[in-house]
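Colleague: Following this message is one structure expressed as structure tokens.
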Amino acid sequence: MLFRSVFYQAPLYPYFLGSLYAIAGRDLLMVRLVQAAVGSASCVLLGLAAERLFSRRIGLMAGLALGLWAPAIFFDGLLQKSVLDMFFMCLSLWLVARIATGSRHHEPIFLGGALAALALSRENGLLLVVVIGGWLVTVRRTAMAWFVVGLAVVFAPVVARNYALDGRFYLTTSQFGSNFYIGNNPNADGTYASIRFGRGSPEFERLDAKEVAEETVGHALSPAEVSSFWFGKSMDFITSEPATWLGLEARKVLLLFNRAEMIDTEAQESYAESSWPLRLLGGIGHFGLLVPLAAIGLASTWPDRRRLWPVHAVTAAYALSVVLFFVFARYRYPLVPLLLVFAVAGAVALPGLIRTRRWAVLAAAIGVAIFANWPTL
């Protein structure tokens, strides 16, 4: 498998897991303990980022909030890449916060490496590379150069491996087109649906995408050509039925910010039956509370938007990157720390807003709360 074909699934977590197995054997308890440590580090990084952006009080509260976030506890215990998604998002946010608040050391090179690692775990993170790169150009000339160096160090081995196998340039994987089609086709509902009905298991995804594409065109296709085939089918749908597509995107926005978790292979509710922390914390650790509090935080910190706009841009870019494809609980999970820093700021500001009768902000928050808790099924 190591040198058989270009990467189709994001490669970072399998290599992370393989490294742990090589060091300590196939010990799943050890893997979960390591992942718990990585998850704890994410809480620390988020707390440091929020402290930089707002205050020590908000930083402590944000780190604690992530530590008690029920889906975070759930995902840290699964053998899935979500634990790395969260870590590299929190690391990136901390580095962004350091640069935004005046640090002028080597953060850009580490930020490039962190975002590249995020993209090798969650491919839609590539959009953040573009957004952050654009921001760094405005910071100072050398920042962008060091950022590119950080990206290159992490991406280079993957690009070289893929090129050696197929003779083409793949920055991460070859599944862009098929994933885009899953979220953008006449039968899409905003969540995941396999190309062949009933074959949603990962081992079928590459095979089905390739076989269906080749059966349609009548000849063999390279991984890049398979991706182009499915992207072309998506664009045919978008251009021929723009109103239907826009309605589909609106549904994805609703799903993205909704209280309900769009489950994948494993459901948090099932694990909560035998886990009191998940049962206890699941009642408050959801987007139905997070999103309206984040809206209050965005409103209350808006006067400081010139300093905070990189965080606003990263949050919007990641949300857009999910909506462009499809919504899953683990796909939207990296959005949590970005919303949490503003949600905690909103919770701190809420008593003052009530005391000073900021009715417009409070009414807007109630509207957002209704939107985030609207039934979707």
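Just remember, in the structure tokens the first chain shown is A, the second B, etc., residues are 1-based per chain, and ligands are 1-based in the order shown.
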For region 219-226 of chain A, list every protein, DNA or RNA residue within 8 Å, evaluated using only C-alpha atoms, and leave out those in the same chain fewer than 2 positions away; present the list as a ChimeraX atom specification.
Modeller: /A:6,166,168,174,177-178,209-210,213-215,217,228-230
Colleague: What's around region 51-54 of chain A at 8 Å? Count only C-alpha atoms, leave out sequence neighbours fewer than 4 positions away in its own chain, and write the answer as a PyMOL selection string.
Modeller: chain A and resi 47+58-60+97-98+101+308+345
Colleague: Could you give me, as an MDAnalysis selection string, the residues within 12 Å of Leu289 (chain A), counting only C-alpha atoms and dropping anything in the same chain fewer than 6 positions from it?
Modeller: chainID A and resid 69 257:260 282:283 295:296 336 339:340 343:344 346:347 365:366 368:373
Colleague: Would you mind exporting N, CA and C atoms of the selected residues as a PDB file, in the first residue's frame?
Modeller:
```pdb
ATOM      1  N   TRP A  69     -16.107  19.844  25.925  1.00  0.00           N
ATOM      2  CA  TRP A  69     -16.982  19.751  24.750  1.00  0.00           C
ATOM      3  C   TRP A  69     -17.237  18.274  24.442  1.00  0.00           C
ATOM      4  N   PHE A 257     -24.477  24.668  10.823  1.00  0.00           N
ATOM      5  CA  PHE A 257     -24.600  25.384  12.086  1.00  0.00           C
ATOM      6  C   PHE A 257     -25.702  24.826  12.983  1.00  0.00           C
ATOM      7  N   ASN A 258     -26.219  23.666  12.638  1.00  0.00           N
ATOM      8  CA  ASN A 258     -27.351  23.119  13.374  1.00  0.00           C
ATOM      9  C   ASN A 258     -26.934  22.334  14.606  1.00  0.00           C
ATOM     10  N   ARG A 259     -27.841  22.278  15.538  1.00  0.00           N
ATOM     11  CA  ARG A 259     -27.627  21.527  16.777  1.00  0.00           C
ATOM     12  C   ARG A 259     -27.346  20.042  16.509  1.00  0.00           C
ATOM     13  N   ALA A 260     -28.015  19.467  15.525  1.00  0.00           N
ATOM     14  CA  ALA A 260     -27.894  18.038  15.243  1.00  0.00           C
ATOM     15  C   ALA A 260     -26.526  17.717  14.660  1.00  0.00           C
ATOM     16  N   GLY A 282     -23.280  16.176  26.807  1.00  0.00           N
ATOM     17  CA  GLY A 282     -23.911  16.265  25.495  1.00  0.00           C
ATOM     18  C   GLY A 282     -25.093  17.204  25.454  1.00  0.00           C
ATOM     19  N   GLY A 283     -25.720  17.440  26.611  1.00  0.00           N
ATOM     20  CA  GLY A 283     -26.881  18.332  26.638  1.00  0.00           C
ATOM     21  C   GLY A 283     -26.543  19.786  26.419  1.00  0.00           C
ATOM     22  N   ALA A 295     -22.265  34.196  18.000  1.00  0.00           N
ATOM     23  CA  ALA A 295     -22.829  35.388  17.350  1.00  0.00           C
ATOM     24  C   ALA A 295     -22.768  36.589  18.288  1.00  0.00           C
ATOM     25  N   ILE A 296     -23.077  36.368  19.574  1.00  0.00           N
ATOM     26  CA  ILE A 296     -22.977  37.453  20.559  1.00  0.00           C
ATOM     27  C   ILE A 296     -21.523  37.908  20.692  1.00  0.00           C
ATOM     28  N   VAL A 336     -15.221  24.106  15.518  1.00  0.00           N
ATOM     29  CA  VAL A 336     -15.553  24.314  16.933  1.00  0.00           C
ATOM     30  C   VAL A 336     -14.607  25.283  17.631  1.00  0.00           C
ATOM     31  N   LEU A 339     -15.227  28.901  16.648  1.00  0.00           N
ATOM     32  CA  LEU A 339     -16.448  29.461  17.222  1.00  0.00           C
ATOM     33  C   LEU A 339     -16.347  29.608  18.738  1.00  0.00           C
ATOM     34  N   LEU A 340     -15.608  28.697  19.385  1.00  0.00           N
ATOM     35  CA  LEU A 340     -15.531  28.710  20.845  1.00  0.00           C
ATOM     36  C   LEU A 340     -14.905  29.986  21.387  1.00  0.00           C
ATOM     37  N   ALA A 343     -17.580  32.386  21.283  1.00  0.00           N
ATOM     38  CA  ALA A 343     -18.682  32.003  22.166  1.00  0.00           C
ATOM     39  C   ALA A 343     -18.356  32.347  23.617  1.00  0.00           C
ATOM     40  N   VAL A 344     -17.121  32.086  24.037  1.00  0.00           N
ATOM     41  CA  VAL A 344     -16.729  32.421  25.407  1.00  0.00           C
ATOM     42  C   VAL A 344     -16.724  33.933  25.595  1.00  0.00           C
ATOM     43  N   GLY A 346     -18.606  35.925  24.027  1.00  0.00           N
ATOM     44  CA  GLY A 346     -20.020  36.282  24.077  1.00  0.00           C
ATOM     45  C   GLY A 346     -20.640  35.990  25.422  1.00  0.00           C
ATOM     46  N   ALA A 347     -20.296  34.857  26.028  1.00  0.00           N
ATOM     47  CA  ALA A 347     -20.829  34.510  27.347  1.00  0.00           C
ATOM     48  C   ALA A 347     -20.374  35.523  28.398  1.00  0.00           C
ATOM     49  N   ALA A 365     -29.336  37.501  18.475  1.00  0.00           N
ATOM     50  CA  ALA A 365     -28.857  36.242  19.045  1.00  0.00           C
ATOM     51  C   ALA A 365     -29.986  35.230  19.184  1.00  0.00           C
ATOM     52  N   ILE A 366     -31.159  35.713  19.556  1.00  0.00           N
ATOM     53  CA  ILE A 366     -32.318  34.819  19.651  1.00  0.00           C
ATOM     54  C   ILE A 366     -32.661  34.260  18.271  1.00  0.00           C
ATOM     55  N   VAL A 368     -30.563  33.812  15.792  1.00  0.00           N
ATOM     56  CA  VAL A 368     -29.519  32.827  15.467  1.00  0.00           C
ATOM     57  C   VAL A 368     -29.768  31.523  16.228  1.00  0.00           C
ATOM     58  N   ALA A 369     -30.218  31.637  17.480  1.00  0.00           N
ATOM     59  CA  ALA A 369     -30.501  30.439  18.289  1.00  0.00           C
ATOM     60  C   ALA A 369     -31.632  29.626  17.662  1.00  0.00           C
ATOM     61  N   ILE A 370     -32.649  30.297  17.167  1.00  0.00           N
ATOM     62  CA  ILE A 370     -33.755  29.588  16.490  1.00  0.00           C
ATOM     63  C   ILE A 370     -33.235  28.891  15.241  1.00  0.00           C
ATOM     64  N   PHE A 371     -32.391  29.584  14.481  1.00  0.00           N
ATOM     65  CA  PHE A 371     -31.820  29.010  13.264  1.00  0.00           C
ATOM     66  C   PHE A 371     -30.980  27.783  13.597  1.00  0.00           C
ATOM     67  N   ALA A 372     -30.147  27.877  14.631  1.00  0.00           N
ATOM     68  CA  ALA A 372     -29.232  26.790  14.966  1.00  0.00           C
ATOM     69  C   ALA A 372     -29.953  25.585  15.558  1.00  0.00           C
ATOM     70  N   ASN A 373     -31.144  25.792  16.102  1.00  0.00           N
ATOM     71  CA  ASN A 373     -31.895  24.687  16.713  1.00  0.00           C
ATOM     72  C   ASN A 373     -33.080  24.254  15.870  1.00  0.00           C
TER      73      ASN A 373
END
```
Colleague: At a cut-off of 12 Å, using only C-alpha atoms, what residues contact region 15-30 of chain A? Leave out same-chain residues fewer than 3 positions from it and give the result as a list of chain:residue names.
Modeller: A:Met1, A:Leu2, A:Gln9, A:Ala10, A:Pro11, A:Leu12, A:Leu33, A:Val34, A:Gln35, A:Ala36, A:Ala37, A:Val38, A:Asp76, A:Gly77, A:Leu78, A:Leu79, A:Gln80, A:Lys81, A:Val83, A:Leu84, A:Ala117, A:Leu120, A:Ser121, A:Val158
Colleague: Would you please extract all helix (DSSP H, G or I) residues from region 304-358 of chain A, as assigned by DSSP on the backbone, and give them as JSON, numbers by chain?
Modeller: {"A": [304, 305, 306, 307, 308, 309, 310, 311, 312, 313, 314, 315, 316, 317, 318, 319, 320, 321, 322, 323, 329, 330, 331, 332, 335, 336, 337, 338, 339, 340, 341, 342, 343, 344, 345, 346, 347, 348, 349, 350, 351, 352, 353, 354, 355]}
Colleague: Output as a Markdown table one row per residue of region 168-229 of chain A within 7 Å of region 314-325 of chain A: the closest atom pair and its distance in Å to one decimal place, counting only C-alpha atoms, sorted by chain and residue number ascending.
Modeller:
```
| residue | atom | partner | partner_atom | distance |
| --- | --- | --- | --- | --- |
| A:Asn179 | CA | A:Phe325 | CA | 6.6 |
| A:Phe180 | CA | A:Phe325 | CA | 5.3 |
| A:Gly183 | CA | A:Phe325 | CA | 4.7 |
| A:Asn184 | CA | A:Phe325 | CA | 7.0 |
```
Colleague: How about saving the chosen residues, N, CA, C and O atoms kept, as a short mmCIF file (atom, residue, chain, number, x, y, z; two decimals), in the first residue's frame?
Modeller:
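Okay, again_18.cif is ready:
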```
data_model
loop_
_atom_site.label_atom_id
_atom_site.label_comp_id
_atom_site.auth_asym_id
_atom_site.auth_seq_id
_atom_site.Cartn_x
_atom_site.Cartn_y
_atom_site.Cartn_z
N ASN A 179 -15.35 13.77 -4.24
CA ASN A 179 -15.94 14.36 -3.04
C ASN A 179 -16.82 15.55 -3.38
O ASN A 179 -17.88 15.75 -2.78
N PHE A 180 -16.38 16.35 -4.35
CA PHE A 180 -17.18 17.50 -4.76
C PHE A 180 -18.50 17.04 -5.37
O PHE A 180 -19.55 17.63 -5.11
N GLY A 183 -21.23 15.98 -2.83
CA GLY A 183 -21.96 17.10 -2.23
C GLY A 183 -22.69 17.98 -3.21
O GLY A 183 -23.45 18.87 -2.81
N ASN A 184 -22.48 17.75 -4.52
CA ASN A 184 -23.06 18.64 -5.53
C ASN A 184 -23.53 17.83 -6.74
O ASN A 184 -22.86 17.78 -7.78
#
```
